[in-house]
Amino acid sequence: MAKILGSTTTYNGTEHAYLRNCKVLIVAVMKRAAAPDYDPDRDGSYLRDQEDIGRAGGVTADDRVEVQPWLSDEQRWSFVCSDPKATDLACFASTKKAAEKGGRR
């Protein structure tokens, strides 16, 4: 599996308007957090280890990804994180297409 944590990508969604077209750094994966039936008390998995993400099946359309935006004026990553749907990140665009073709994965 390709490296996920520490990777950079672009946010292409509408849920977090302030991130639109921003470069973001992936810092964690929240398994199933975008699923319609998500119950954090039952399903909560906040993953900050690459091997744990692999064991959990990688990133799917049902996941959210914690990201930090790049602050170009300050030439640094923001200390504030956001949690967009994985499908709203450019690097997981194929995940969205696969979920639309064959149902959510």
# chains A, B, ... in the order shown; residues from 1 in each chain; ligands from 1
$ residues_around --residues "segment 4-21 of chain A" --least-positions-apart "5" --cutoff "10 Å" --atoms "only C-alpha atoms" --output "JSON, numbers by chain"
{"A": [26, 27, 28, 29, 47, 48, 49, 50, 53, 54, 58, 59, 65, 66, 67, 68, 69, 70, 82, 83, 84, 85, 86, 87, 88, 89, 90, 91, 92, 93]}
$ write_last_selection --atoms "N, CA and C atoms" --output "short mmCIF file (atom, residue, chain, number, x, y, z; two decimals), in the first residue's frame"
data_model
loop_
_atom_site.label_atom_id
_atom_site.label_comp_id
_atom_site.auth_asym_id
_atom_site.auth_seq_id
_atom_site.Cartn_x
_atom_site.Cartn_y
_atom_site.Cartn_z
N ILE A 26 -1.94 14.90 5.14
CA ILE A 26 -2.73 13.86 5.80
C ILE A 26 -2.05 13.45 7.10
N VAL A 27 -2.80 13.54 8.21
CA VAL A 27 -2.23 13.20 9.52
C VAL A 27 -2.92 12.02 10.19
N ALA A 28 -4.12 11.65 9.76
CA ALA A 28 -4.82 10.52 10.36
C ALA A 28 -5.98 10.09 9.48
N VAL A 29 -6.47 8.87 9.72
CA VAL A 29 -7.65 8.36 9.03
C VAL A 29 -8.66 7.97 10.10
N LEU A 47 -6.92 6.35 13.24
CA LEU A 47 -5.67 5.67 12.90
C LEU A 47 -4.58 6.66 12.56
N ARG A 48 -3.44 6.55 13.29
CA ARG A 48 -2.28 7.41 13.05
C ARG A 48 -1.03 6.58 12.80
N ASP A 49 -1.23 5.34 12.36
CA ASP A 49 -0.13 4.44 12.06
C ASP A 49 -0.37 3.81 10.69
N GLN A 50 0.61 3.88 9.82
CA GLN A 50 0.46 3.38 8.46
C GLN A 50 0.08 1.90 8.43
N ILE A 53 -3.58 1.37 9.26
CA ILE A 53 -4.43 1.71 8.13
C ILE A 53 -4.48 0.55 7.14
N GLY A 54 -3.35 -0.06 6.88
CA GLY A 54 -3.29 -1.23 6.00
C GLY A 54 -4.12 -2.38 6.52
N GLY A 58 -7.10 -0.06 4.29
CA GLY A 58 -6.78 1.17 3.56
C GLY A 58 -7.87 2.21 3.73
N VAL A 59 -7.90 3.17 2.85
CA VAL A 59 -8.88 4.25 2.90
C VAL A 59 -10.02 3.93 1.95
N VAL A 65 -10.68 11.81 6.65
CA VAL A 65 -9.23 11.92 6.75
C VAL A 65 -8.91 13.23 7.45
N GLU A 66 -8.13 13.16 8.51
CA GLU A 66 -7.73 14.39 9.21
C GLU A 66 -6.57 15.01 8.45
N VAL A 67 -6.72 16.30 8.14
CA VAL A 67 -5.72 17.00 7.34
C VAL A 67 -5.38 18.35 7.96
N GLN A 68 -4.18 18.84 7.62
CA GLN A 68 -3.73 20.18 7.99
C GLN A 68 -3.49 20.94 6.70
N PRO A 69 -4.06 22.13 6.54
CA PRO A 69 -3.82 22.91 5.33
C PRO A 69 -2.46 23.61 5.35
N TRP A 70 -1.92 23.83 4.16
CA TRP A 70 -0.67 24.58 3.99
C TRP A 70 -1.00 26.07 4.00
N SER A 82 -8.71 19.62 9.98
CA SER A 82 -10.08 19.44 9.52
C SER A 82 -10.25 17.96 9.17
N ASP A 83 -11.51 17.53 9.05
CA ASP A 83 -11.78 16.11 8.80
C ASP A 83 -12.68 15.88 7.59
N PRO A 84 -12.20 16.21 6.38
CA PRO A 84 -13.03 16.00 5.20
C PRO A 84 -13.25 14.52 4.90
N LYS A 85 -14.28 14.27 4.09
CA LYS A 85 -14.50 12.91 3.59
C LYS A 85 -13.31 12.54 2.70
N ALA A 86 -12.89 11.30 2.78
CA ALA A 86 -11.76 10.84 1.96
C ALA A 86 -12.02 11.10 0.48
N THR A 87 -13.25 10.95 0.05
CA THR A 87 -13.59 11.11 -1.36
C THR A 87 -13.44 12.55 -1.84
N ASP A 88 -13.29 13.51 -0.93
CA ASP A 88 -13.11 14.91 -1.31
C ASP A 88 -11.64 15.30 -1.46
N LEU A 89 -10.76 14.33 -1.31
CA LEU A 89 -9.33 14.57 -1.48
C LEU A 89 -8.88 14.02 -2.83
N ALA A 90 -8.08 14.78 -3.54
CA ALA A 90 -7.65 14.39 -4.89
C ALA A 90 -7.01 13.01 -4.93
N CYS A 91 -6.22 12.66 -3.93
CA CYS A 91 -5.52 11.37 -3.95
C CYS A 91 -6.45 10.17 -3.79
N PHE A 92 -7.68 10.41 -3.35
CA PHE A 92 -8.65 9.32 -3.18
C PHE A 92 -9.82 9.44 -4.16
N ALA A 93 -9.64 10.17 -5.25
CA ALA A 93 -10.70 10.35 -6.24
C ALA A 93 -11.18 9.01 -6.80
#
$ select_by_dssp --residues "chain A" --states "strand (DSSP E or B)" --output "PyMOL selection string"
chain A and resi 8-11+23-30+46-47+64-71+76-77+82+85+89
$ select_by_dssp --residues "chain A" --states "alpha helix (DSSP H)" --output "ChimeraX atom specification"
/A:40-43,50-55,93-102
$ residues_around --residues "Arg42 of chain A" --least-positions-apart "3" --cutoff "12 Å" --atoms "only C-alpha atoms" --output "VMD selection string"
chain A and resid 31 to 33 37 to 39 45
$ write_last_selection --atoms "N, CA and C atoms" --output "mmCIF file, in the first residue's frame"
data_model
loop_
_atom_site.group_PDB
_atom_site.id
_atom_site.type_symbol
_atom_site.label_atom_id
_atom_site.label_comp_id
_atom_site.auth_asym_id
_atom_site.auth_seq_id
_atom_site.Cartn_x
_atom_site.Cartn_y
_atom_site.Cartn_z
ATOM 1 N N LYS A 31 -11.711 5.764 10.378
ATOM 2 C CA LYS A 31 -12.430 4.704 9.687
ATOM 3 C C LYS A 31 -13.935 4.820 9.910
ATOM 4 N N ARG A 32 -14.670 4.701 8.804
ATOM 5 C CA ARG A 32 -16.137 4.680 8.740
ATOM 6 C C ARG A 32 -16.801 5.971 9.210
ATOM 7 N N ALA A 33 -16.055 7.022 9.483
ATOM 8 C CA ALA A 33 -16.633 8.258 10.022
ATOM 9 C C ALA A 33 -17.529 8.988 9.030
ATOM 10 N N ASP A 37 -24.399 5.361 8.742
ATOM 11 C CA ASP A 37 -24.787 4.695 9.989
ATOM 12 C C ASP A 37 -23.659 4.694 11.024
ATOM 13 N N TYR A 38 -22.713 5.609 10.892
ATOM 14 C CA TYR A 38 -21.547 5.663 11.776
ATOM 15 C C TYR A 38 -21.960 5.932 13.223
ATOM 16 N N ASP A 39 -21.429 5.137 14.109
ATOM 17 C CA ASP A 39 -21.641 5.301 15.544
ATOM 18 C C ASP A 39 -20.253 5.354 16.186
ATOM 19 N N SER A 45 -12.488 4.393 15.050
ATOM 20 C CA SER A 45 -11.107 3.995 14.824
ATOM 21 C C SER A 45 -10.350 5.181 14.265
#
$ atom_distance --atom1 "atom CA of Asp52 of chain A" --atom2 "atom CA of Arg76 of chain A"
27.4 Å
